[in-house]
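Student: Handing over data16.cif, mmCIF, C-alpha atoms and all ligand atoms.
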data_structure
#
loop_
_atom_site.label_atom_id
_atom_site.label_comp_id
_atom_site.auth_asym_id
_atom_site.auth_seq_id
_atom_site.Cartn_x
_atom_site.Cartn_y
_atom_site.Cartn_z
CA MET L 25 20.39 -15.50 -54.43
CA PRO L 26 21.70 -15.35 -50.80
CA SER L 27 20.41 -12.45 -48.76
CA ALA L 28 22.89 -9.85 -47.54
CA ASP L 29 22.44 -11.17 -43.98
CA THR L 30 23.24 -14.79 -44.82
CA ALA L 31 26.34 -13.74 -46.71
CA ALA L 32 27.54 -11.60 -43.80
CA SER L 33 27.21 -14.39 -41.28
CA ALA L 34 28.97 -16.99 -43.45
CA ASP L 35 31.59 -15.80 -45.95
CA LEU L 36 32.00 -12.21 -44.86
CA GLN L 37 33.17 -12.73 -41.29
CA PRO L 38 36.88 -13.20 -42.16
CA LEU L 39 36.69 -10.10 -44.34
CA LEU L 40 35.02 -8.01 -41.65
CA GLU L 41 37.83 -9.05 -39.31
CA ARG L 42 40.32 -7.49 -41.72
CA ILE L 43 38.72 -4.07 -41.30
CA ARG L 44 40.68 -1.91 -38.85
CA PRO L 45 39.27 -2.25 -35.31
CA GLU L 46 39.09 1.55 -35.03
CA VAL L 47 36.67 1.57 -37.95
CA ARG L 48 34.61 -1.37 -36.73
CA GLN L 49 34.18 0.29 -33.33
CA ALA L 50 33.10 3.59 -34.89
CA HIS L 51 29.52 4.65 -35.49
CA ALA L 52 28.32 5.98 -38.83
CA TYR L 53 27.33 9.66 -38.63
CA ILE L 54 23.59 9.47 -39.15
CA VAL L 55 21.06 12.22 -38.48
CA SER L 56 17.50 10.95 -38.05
CA HIS L 57 14.93 12.20 -40.57
CA PRO L 58 11.43 11.32 -39.33
CA PRO L 59 8.65 11.62 -41.93
CA ASN L 60 6.29 14.60 -42.29
CA ILE L 61 8.59 17.20 -40.78
CA GLU L 62 7.59 20.69 -41.82
CA VAL L 63 9.74 22.68 -39.38
CA LYS L 64 13.33 21.40 -39.49
CA LEU L 65 15.40 22.95 -36.72
CA ASN L 66 17.82 20.10 -35.95
CA GLN L 67 21.04 20.72 -37.93
CA ASN L 68 21.91 24.38 -37.30
CA GLU L 69 21.27 25.17 -40.94
CA SER L 70 20.16 28.53 -42.27
CA PRO L 71 16.40 28.48 -42.85
CA PHE L 72 16.96 30.65 -45.94
CA ASP L 73 17.64 29.08 -49.32
CA LEU L 74 19.30 31.14 -52.06
CA PRO L 75 16.73 33.56 -53.51
CA ALA L 76 15.33 32.42 -56.86
CA GLU L 77 17.09 35.19 -58.80
CA LEU L 78 20.47 34.08 -57.45
CA LYS L 79 19.70 30.44 -58.27
CA GLN L 80 18.89 31.66 -61.77
CA GLU L 81 22.26 33.45 -61.90
CA LEU L 82 23.96 30.25 -60.77
CA ALA L 83 22.07 28.16 -63.32
CA GLU L 84 23.10 30.53 -66.11
CA GLU L 85 26.70 30.31 -65.01
CA LEU L 86 26.51 26.52 -64.97
CA LEU L 87 25.29 26.58 -68.57
CA GLN L 88 28.71 28.03 -69.45
CA THR L 89 30.67 25.64 -67.19
CA PRO L 90 32.30 22.60 -68.82
CA LEU L 91 31.29 19.69 -66.59
CA ASN L 92 33.39 17.25 -68.65
CA ARG L 93 36.55 18.94 -67.32
CA TYR L 94 38.08 18.36 -63.90
CA PRO L 95 37.96 21.33 -61.56
CA GLY L 96 41.27 22.77 -60.31
CA GLU L 97 43.13 20.82 -57.59
CA GLN L 98 41.77 23.66 -55.48
CA PRO L 99 39.05 26.10 -56.59
CA TYR L 100 41.66 28.80 -57.15
CA GLU L 101 39.27 31.54 -58.25
CA LEU L 102 37.10 31.03 -55.18
CA ARG L 103 40.12 30.71 -52.90
CA ASP L 104 41.55 34.00 -54.18
CA ALA L 105 38.21 35.82 -53.89
CA LEU L 106 37.76 34.52 -50.34
CA ALA L 107 41.33 35.57 -49.45
CA THR L 108 40.52 39.12 -50.58
CA HIS L 109 37.24 39.02 -48.63
CA LEU L 110 39.05 37.89 -45.46
CA GLY L 111 42.14 40.08 -45.95
CA VAL L 112 44.63 37.17 -45.96
CA ALA L 113 47.16 35.78 -48.45
CA PRO L 114 45.60 33.11 -50.73
CA GLU L 115 48.30 30.62 -49.65
CA MET L 116 46.86 30.73 -46.12
CA LEU L 117 43.62 29.09 -47.35
CA LEU L 118 42.70 25.51 -48.14
CA MET L 119 39.18 25.00 -49.46
CA GLY L 120 37.30 21.85 -48.44
CA ASN L 121 34.24 19.81 -49.32
CA GLY L 122 32.57 21.22 -46.22
CA SER L 123 34.76 21.77 -43.18
CA ASN L 124 34.03 18.17 -42.19
CA GLU L 125 36.23 16.98 -45.02
CA LEU L 126 39.10 19.13 -43.74
CA THR L 127 38.69 17.59 -40.30
CA TYR L 128 39.46 14.22 -41.87
CA THR L 129 42.36 15.75 -43.79
CA PHE L 130 44.05 17.19 -40.72
CA GLY L 131 43.51 13.83 -39.03
CA LEU L 132 45.50 12.25 -41.87
CA THR L 133 48.12 14.98 -41.63
CA MET L 134 48.72 14.90 -37.89
CA LEU L 135 47.46 11.75 -36.23
CA GLU L 136 49.06 8.34 -35.84
CA PRO L 137 48.27 5.54 -33.38
CA GLY L 138 49.13 6.89 -29.94
CA THR L 139 49.37 10.58 -30.96
CA PRO L 140 48.24 12.64 -27.94
CA VAL L 141 45.08 14.67 -28.61
CA VAL L 142 43.21 16.82 -26.08
CA LEU L 143 39.53 17.67 -26.62
CA PRO L 144 37.35 19.67 -24.24
CA THR L 145 33.75 18.46 -24.03
CA PRO L 146 30.98 18.75 -25.07
CA MET L 147 32.15 19.28 -28.63
CA PHE L 148 31.01 18.59 -32.20
CA SER L 149 31.34 14.80 -32.27
CA LEU L 150 33.37 14.50 -35.47
CA TYR L 151 36.60 15.51 -33.74
CA GLU L 152 36.49 12.61 -31.31
CA LYS L 153 35.59 10.29 -34.17
CA VAL L 154 38.58 11.39 -36.28
CA ALA L 155 40.92 11.02 -33.28
CA ARG L 156 39.59 7.52 -32.57
CA LEU L 157 39.72 6.44 -36.24
CA HIS L 158 43.44 7.20 -36.25
CA GLY L 159 44.00 5.44 -32.92
CA ALA L 160 45.12 8.70 -31.28
CA ALA L 161 45.56 8.80 -27.48
CA LEU L 162 42.58 10.91 -26.56
CA THR L 163 42.29 12.98 -23.38
CA SER L 164 38.81 14.46 -22.88
CA VAL L 165 38.39 17.42 -20.54
CA PRO L 166 34.83 17.78 -19.15
CA CYS L 167 33.22 21.22 -19.11
CA ARG L 168 32.33 23.30 -16.05
CA SER L 169 28.86 23.06 -14.53
CA ASP L 170 27.77 26.08 -16.64
CA PHE L 171 28.84 24.13 -19.80
CA HIS L 172 31.73 26.50 -20.57
CA PHE L 173 34.99 24.75 -21.44
CA ASP L 174 37.12 24.35 -18.32
CA ILE L 175 40.18 26.20 -19.58
CA ASP L 176 42.27 25.65 -16.42
CA ALA L 177 41.66 21.90 -16.60
CA LEU L 178 42.38 22.00 -20.33
CA LEU L 179 45.73 23.70 -19.68
CA ARG L 180 46.60 21.09 -17.05
CA ALA L 181 45.81 18.29 -19.55
CA ILE L 182 47.92 20.02 -22.21
CA ASP L 183 50.80 20.27 -19.74
CA ALA L 184 50.47 16.59 -18.85
CA VAL L 185 50.24 15.00 -22.32
CA GLU L 186 51.90 17.58 -24.63
CA PRO L 187 49.34 17.07 -27.38
CA ALA L 188 49.94 17.17 -31.12
CA LEU L 189 46.40 18.49 -31.46
CA VAL L 190 43.89 20.44 -29.36
CA VAL L 191 40.51 21.48 -30.77
CA ILE L 192 38.41 24.40 -29.56
CA THR L 193 35.03 25.21 -31.10
CA THR L 194 33.81 28.78 -30.60
CA PRO L 195 30.94 29.46 -30.62
CA ASN L 196 30.77 25.84 -29.54
CA ASN L 197 28.38 23.32 -31.02
CA PRO L 198 26.33 22.05 -29.17
CA THR L 199 26.28 24.71 -26.42
CA GLY L 200 26.58 27.97 -28.42
CA LEU L 201 29.04 29.25 -25.78
CA THR L 202 32.20 31.12 -26.74
CA VAL L 203 35.80 31.00 -25.57
CA PRO L 204 37.38 34.40 -24.70
CA HIS L 205 40.31 35.43 -26.86
CA ALA L 206 42.67 35.53 -23.90
CA ASP L 207 41.86 31.86 -23.18
CA ILE L 208 42.43 30.82 -26.80
CA GLU L 209 45.82 32.52 -26.56
CA ARG L 210 46.67 30.66 -23.36
CA VAL L 211 45.84 27.37 -25.10
CA LEU L 212 47.88 28.33 -28.19
CA GLU L 213 50.86 29.20 -26.04
CA ALA L 214 50.67 26.05 -23.93
CA THR L 215 50.20 23.59 -26.81
CA PRO L 216 53.35 22.17 -28.44
CA GLY L 217 51.33 20.93 -31.45
CA PHE L 218 48.42 22.39 -33.38
CA VAL L 219 45.33 24.11 -32.05
CA VAL L 220 42.35 23.88 -34.37
CA VAL L 221 39.80 26.59 -33.66
CA ASP L 222 36.51 25.62 -35.30
CA GLU L 223 34.63 28.81 -36.11
CA ALA L 224 31.73 27.27 -38.04
CA TYR L 225 29.46 29.89 -36.42
CA TYR L 226 31.85 32.87 -36.35
CA GLU L 227 29.48 35.13 -38.30
CA PHE L 228 27.12 35.16 -35.30
CA LEU L 229 29.86 36.10 -32.86
CA GLU L 230 29.98 39.53 -31.26
CA GLY L 231 33.66 40.35 -30.90
CA PRO L 232 36.96 39.34 -32.47
CA THR L 233 37.56 36.05 -34.30
CA ALA L 234 40.64 33.89 -33.90
CA GLN L 235 41.91 35.23 -37.22
CA ALA L 236 43.53 38.10 -35.30
CA LEU L 237 45.78 35.53 -33.56
CA LEU L 238 47.20 33.95 -36.73
CA ASP L 239 50.20 36.26 -37.11
CA ASP L 240 51.61 35.46 -33.68
CA HIS L 241 50.68 31.78 -33.52
CA PRO L 242 51.80 29.51 -36.37
CA ASN L 243 50.25 26.51 -34.56
CA LEU L 244 46.75 27.95 -35.06
CA LEU L 245 44.47 26.48 -37.73
CA ILE L 246 40.97 27.90 -38.16
CA LEU L 247 38.12 25.93 -39.72
CA ARG L 248 35.06 27.66 -41.15
CA THR L 249 32.13 26.74 -43.34
CA PHE L 250 29.66 28.11 -45.88
CA SER L 251 27.02 25.78 -44.37
CA LYS L 252 25.65 27.93 -41.55
CA ALA L 253 25.34 31.73 -41.85
CA ALA L 254 26.01 31.58 -45.60
CA GLY L 255 23.25 28.98 -46.05
CA LEU L 256 25.06 26.59 -48.40
CA ALA L 257 24.94 23.33 -46.39
CA GLY L 258 23.61 21.55 -49.47
CA VAL L 259 26.60 22.52 -51.60
CA ARG L 260 29.47 21.43 -49.29
CA LEU L 261 32.01 24.20 -48.94
CA GLY L 262 34.34 25.00 -46.06
CA TYR L 263 37.89 26.19 -45.53
CA MET L 264 40.97 26.00 -43.36
CA LEU L 265 42.91 29.12 -42.57
CA GLY L 266 46.48 28.88 -41.29
CA HIS L 267 50.15 29.58 -41.81
CA ALA L 268 51.04 29.12 -45.51
CA ALA L 269 53.80 26.58 -44.79
CA ILE L 270 51.40 24.42 -42.74
CA ILE L 271 48.56 24.72 -45.28
CA GLN L 272 50.99 23.50 -47.95
CA GLU L 273 51.65 20.32 -45.94
CA VAL L 274 47.95 19.68 -45.25
CA PHE L 275 47.35 20.09 -48.99
CA LYS L 276 49.69 17.13 -49.65
CA ALA L 277 47.57 14.81 -47.52
CA ARG L 278 44.23 15.49 -49.14
CA LEU L 279 42.44 14.13 -52.17
CA PRO L 280 42.61 16.33 -55.25
CA PHE L 281 39.52 17.88 -56.87
CA MET L 282 37.46 17.94 -53.67
CA ILE L 283 35.59 21.13 -54.66
CA ASP L 284 33.55 20.64 -57.80
CA ARG L 285 32.76 23.38 -60.27
CA VAL L 286 29.18 23.74 -59.02
CA ALA L 287 30.30 24.41 -55.43
CA GLU L 288 32.95 26.87 -56.62
CA ALA L 289 30.36 28.81 -58.65
CA ALA L 290 27.97 28.89 -55.67
CA GLY L 291 30.71 30.15 -53.32
CA LEU L 292 31.72 32.89 -55.77
CA LEU L 293 28.09 33.90 -56.18
CA LEU L 294 27.67 34.36 -52.43
CA LEU L 295 30.87 36.38 -52.13
CA ARG L 296 29.40 38.74 -54.74
CA HIS L 297 26.36 39.29 -52.45
CA PRO L 298 27.70 40.10 -48.98
CA ASP L 299 24.58 42.18 -48.14
CA LEU L 300 22.38 39.11 -48.49
CA ILE L 301 24.41 37.20 -45.90
CA ARG L 302 24.56 40.18 -43.54
CA ASP L 303 20.77 40.53 -43.73
CA ARG L 304 20.25 36.85 -43.05
CA ILE L 305 22.58 36.86 -40.08
CA ARG L 306 20.54 39.74 -38.69
CA GLN L 307 17.31 37.77 -39.22
CA MET L 308 18.74 34.63 -37.62
CA LYS L 309 19.90 36.66 -34.61
CA GLN L 310 16.39 38.08 -34.28
CA GLY L 311 15.09 34.52 -34.46
CA MET L 312 17.45 33.55 -31.63
CA ALA L 313 16.11 36.39 -29.48
CA THR L 314 12.53 35.21 -30.15
CA LEU L 315 13.43 31.61 -29.31
CA ALA L 316 15.34 32.51 -26.14
CA ALA L 317 12.55 34.76 -24.85
CA GLY L 318 9.89 32.19 -25.78
CA LEU L 319 11.74 29.32 -24.10
CA ARG L 320 12.51 31.32 -20.96
CA ALA L 321 8.83 32.18 -20.63
CA ILE L 322 7.89 28.49 -20.40
CA GLU L 323 7.90 27.28 -16.82
CA GLY L 324 10.52 24.67 -15.98
CA VAL L 325 12.61 25.17 -19.14
CA HIS L 326 16.31 25.89 -18.64
CA VAL L 327 18.05 27.70 -21.53
CA VAL L 328 21.81 27.97 -22.06
CA PRO L 329 22.65 31.44 -23.49
CA SER L 330 24.09 31.08 -26.99
CA GLN L 331 26.08 33.21 -29.42
CA ALA L 332 25.36 30.98 -32.40
CA ASN L 333 22.23 30.29 -34.48
CA PHE L 334 21.07 27.52 -32.11
CA MET L 335 20.67 26.91 -28.39
CA VAL L 336 20.34 24.00 -26.01
CA PHE L 337 17.53 23.86 -23.47
CA ARG L 338 16.35 21.39 -20.84
CA PRO L 339 12.60 20.76 -20.88
CA PRO L 340 10.86 19.66 -17.68
CA LEU L 341 10.02 16.29 -19.29
CA GLU L 342 12.00 13.39 -20.78
CA PRO L 343 13.66 14.73 -23.98
CA ASP L 344 12.59 11.63 -25.96
CA VAL L 345 8.95 12.27 -25.08
CA VAL L 346 9.23 15.95 -26.01
CA MET L 347 10.98 15.08 -29.30
CA ARG L 348 8.24 12.59 -30.17
CA ARG L 349 5.44 15.04 -29.41
CA LEU L 350 7.18 17.80 -31.39
CA ALA L 351 7.66 15.44 -34.35
CA GLU L 352 3.93 14.59 -34.24
CA ASP L 353 3.40 18.33 -34.75
CA GLY L 354 5.87 18.35 -37.66
CA VAL L 355 8.74 19.95 -35.71
CA LEU L 356 12.23 18.44 -35.58
CA VAL L 357 14.88 19.40 -33.01
CA ARG L 358 17.97 17.46 -31.85
CA ASN L 359 18.31 15.33 -28.73
CA MET L 360 21.60 16.01 -26.93
CA GLY L 361 21.46 12.70 -25.03
CA GLY L 362 24.54 11.46 -26.95
CA TYR L 363 26.67 14.04 -25.08
CA ALA L 364 27.51 12.93 -21.54
CA ASP L 365 27.51 16.56 -20.30
CA LEU L 366 24.11 17.39 -21.81
CA GLN L 367 21.80 14.63 -20.63
CA GLY L 368 18.22 15.91 -20.58
CA TYR L 369 18.86 18.69 -23.10
CA LEU L 370 17.50 19.38 -26.59
CA ARG L 371 18.97 21.68 -29.24
CA VAL L 372 16.99 23.92 -31.54
CA ASN L 373 18.23 26.29 -34.25
CA ALA L 374 16.74 29.57 -35.38
CA GLY L 375 14.29 29.14 -38.25
CA THR L 376 12.13 31.64 -40.08
CA PRO L 377 9.84 33.76 -37.84
CA LYS L 378 6.95 31.43 -38.75
CA GLU L 379 9.00 28.30 -37.93
CA ASN L 380 10.15 29.75 -34.60
CA ASN L 381 6.55 30.38 -33.60
CA GLN L 382 5.46 26.93 -34.78
CA PHE L 383 8.22 25.40 -32.64
CA LEU L 384 7.30 27.41 -29.53
CA THR L 385 3.60 26.61 -29.94
CA ALA L 386 4.33 22.90 -30.47
CA LEU L 387 6.65 22.84 -27.44
CA LYS L 388 4.03 24.40 -25.18
CA ARG L 389 1.56 21.80 -26.40
CA ALA L 390 4.10 18.97 -25.89
CA LEU L 391 4.71 20.08 -22.31
CA ALA L 392 1.04 20.56 -21.53
CA THR L 393 -0.05 17.03 -22.54
C1 LIG A 1 31.29 23.02 -34.99
C2 LIG A 1 31.02 22.51 -36.37
N1 LIG A 1 32.02 22.34 -37.22
C3 LIG A 1 31.80 21.89 -38.47
C4 LIG A 1 30.53 21.57 -38.91
C5 LIG A 1 30.33 21.02 -40.28
O1 LIG A 1 30.44 21.97 -41.25
P1 LIG A 1 30.40 21.57 -42.79
O2 LIG A 1 28.98 21.56 -43.22
O3 LIG A 1 31.20 22.66 -43.44
O4 LIG A 1 31.07 20.24 -42.98
C6 LIG A 1 29.46 21.72 -38.04
C7 LIG A 1 28.10 21.34 -38.49
O5 LIG A 1 27.18 21.15 -37.76
C8 LIG A 1 29.71 22.21 -36.75
O6 LIG A 1 28.70 22.36 -35.88
#
Reformat the file's structure so that it appears as structure tokens.
Tutor:
Amino acid sequence: MPSADTAASADLQPLLERIRPEVRQAHAYIVSHPPNIEVKLNQNESPFDLPAELKQELAEELLQTPLNRYPGEQPYELRDALATHLGVAPEMLLMGNGSNELTYTFGLTMLEPGTPVVLPTPMFSLYEKVARLHGAALTSVPCRSDFHFDIDALLRAIDAVEPALVVITTPNNPTGLTVPHADIERVLEATPGFVVVDEAYYEFLEGPTAQALLDDHPNLLILRTFSKAAGLAGVRLGYMLGHAAIIQEVFKARLPFMIDRVAEAAGLLLLRHPDLIRDRIRQMKQGMATLAAGLRAIEGVHVVPSQANFMVFRPPLEPDVVMRRLAEDGVLVRNMGGYADLQGYLRVNAGTPKENNQFLTALKRALAT
């Protein structure tokens, strides 16, 4: 039997050449998972799994759920419950298989080869990937020296290219910095196309969310997720919030049945337990305070203040070396070297109190050796 490599070099070349160049130039989204990691602080997840009694409740519900039947085209019961929770009309919501899936869907809805797109940097990398996959004409706007988005430069770029799409993430991943409401409004008013405001971390935000701007700005689309504060990254649940007429169009572009019955049941379960989420947000915020104070106390470490459940910091040593030493101690953080603006920086998210202390101890050891 020929090996996969032999086949690729001989018969597969003409086939590979038929794959769209935008896809061949792309990189697969892969997060490294070194072995023997006990303290995992690299993906901005909640450190808290569902409590056992809620898992039991979910399991009992699943016993009554017919898995031989397709789910709804949308998880209508969950959508309606979430609409009530958020105080919006159900038609303003589109549920997704994680908010990542909706990013692909709005790419399909809005982007063609040459479509102008403006993205401030540094930003969650999926947006650039989606723009490039569709062959969009991408304008990137570098951040200021304090890592805040450069809103004046962004407005100049919007004026120059009249984009079909601008994306703002607030609090931003990877910096944890926020964009003031007045600036979001300036961007909404200047942009002839859509402005996607990614609020994956909105539960950690002190102050208003972009939801308050929806009534006056039909070009606003908000993306959120159950993966972070709500702690359901393993289930895959997110949503898009926007004007009903726009949501209806986005719905046409997407695959049906993207939310399975298990994810819908898990989402409904969480909405029935808002106190649990509130308590966990409080604990994660406390964890952030511990991490920030601990990092600031280490000589030579520069910390960027964050309003999310993670922060970036620059250690006084090569990030690769620090990452390796931390991993030897069973601690995993994320290297920000892939972001041009954040060379030399690492990102860590809030874990349990024990994990936060393990990380700080391991970091001190990594910097002392
Ligand atoms: C800004 C931002 N948006 C979206 C996501 C992905 O969310 P989901 O798990 O719902 O696909 C992430 C995950 O890291 C993120 O940081």
Student: Sorted by chain and rising residue number, which residues of region 176-278 of chain L lie within 6 Å of region 124-135 of chain L, and what are their closest atom pairs and distances in Å to one decimal, counting all atoms listed in the file, as a Markdown table?
Tutor:
| residue | atom | partner | partner_atom | distance |
| --- | --- | --- | --- | --- |
| L:Val274 | CA | L:Thr133 | CA | 5.9 |
| L:Ala277 | CA | L:Thr133 | CA | 5.9 |
| L:Arg278 | CA | L:Thr129 | CA | 5.7 |
Student: Find the residues near Leu356 (chain L): any atom within 8 Å, counting all atoms listed in the file, skip ones fewer than 2 places away on the same chain, and give them as an NGL selection string.
Tutor: :L and (61 or 63-66 or 347 or 350-351 or 354 or 358)
Student: Please, could you write that set of residues out with C-alpha atoms as a PDB file, in the coordinates of the input?
Tutor:
ATOM      1  CA  ILE L  61       8.590  17.200 -40.780  1.00  0.00           C
ATOM      2  CA  VAL L  63       9.740  22.680 -39.380  1.00  0.00           C
ATOM      3  CA  LYS L  64      13.330  21.400 -39.490  1.00  0.00           C
ATOM      4  CA  LEU L  65      15.400  22.950 -36.720  1.00  0.00           C
ATOM      5  CA  ASN L  66      17.820  20.100 -35.950  1.00  0.00           C
ATOM      6  CA  MET L 347      10.980  15.080 -29.300  1.00  0.00           C
ATOM      7  CA  LEU L 350       7.180  17.800 -31.390  1.00  0.00           C
ATOM      8  CA  ALA L 351       7.660  15.440 -34.350  1.00  0.00           C
ATOM      9  CA  GLY L 354       5.870  18.350 -37.660  1.00  0.00           C
ATOM     10  CA  ARG L 358      17.970  17.460 -31.850  1.00  0.00           C
TER      11      ARG L 358
END
Student: Could you list, as a count of residues only, all the residues within 10 Å of ligand LIG 1 (chain A), counting all atoms listed in the file?
Tutor: 48
Student: In Å to one decimal, how far is CA of Val154 (chain L) from CA of Leu40 (chain L)?
Tutor: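 Taking CA of Leu40 (chain L) as the start and CA of Val154 (chain L) as the end point, the length is 20.4 Å.
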Student: Under the rule that all atoms listed in the file are counted, which of L:His57, L:Arg320, L:Lys79, L:Lys309 is the nearest residue to Val286 (chain L)?
Tutor: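 Ranking L:His57, L:Arg320, L:Lys79, L:Lys309 by distance to Val286 (chain L), first place goes to L:Lys79.
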Student: So how far away is CA of Leu391 (chain L) from CA of Tyr369 (chain L), in Å?
Tutor: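 Between CA of Tyr369 (chain L) and CA of Leu391 (chain L) the gap is 14.2 Å.
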Student: With 3 Å added on each side, what axis-aligned box encloses every listed atom of region 330-336 of chain L? Give the centre and edge lengths in Å to one decimal, as lines of an AutoDock Vina configuration file.
Tutor:
center_x = 23.2
center_y = 28.6
center_z = -30.2
size_x = 11.7
size_y = 15.2
size_z = 14.5
Student: Record the distance separating CA of Pro75 (chain L) and CA of Leu292 (chain L), expressed in Å with one decimal.
Tutor: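 CA of Pro75 (chain L) sits 15.2 Å away from CA of Leu292 (chain L).
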Student: Looking at L:Ala83, L:Pro146, L:Thr202, L:Ala160, which one is nearest to Met360 (chain L), with distances taken over all atoms listed in the file?
Tutor: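 When distances to Met360 (chain L) are compared using all atoms listed in the file, the smallest one comes from L:Pro146.
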Student: Pick the closest to Ala321 (chain L) from L:Lys388, L:Val220, L:Ser70, L:Thr215: which is it, counting all atoms listed in the file?
Tutor: L:Lys388
Student: Have a look at L:Leu162, L:Gly368, L:Ala268, L:Ala234 and name the one nearest to Val345 (chain L); count all atoms listed in the file.
Tutor: L:Gly368
Student: So, with only C-alpha atoms as the atoms that count, which of L:Pro58, L:Leu244, L:Leu178, L:Ile271 lies closest to Glu209 (chain L)?
Tutor: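 Going through L:Pro58, L:Leu244, L:Leu178, L:Ile271 one by one, the smallest distance to Glu209 (chain L) is for L:Leu244.
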Student: If I put a ball of radius 12 Å at (31.4, 27.6, -65.0) in the file's coordinates, which residues poke into it when counting only C-alpha atoms, written as a PyMOL selection string?
Tutor: chain L and resi 81-96+99+101-102+284-293
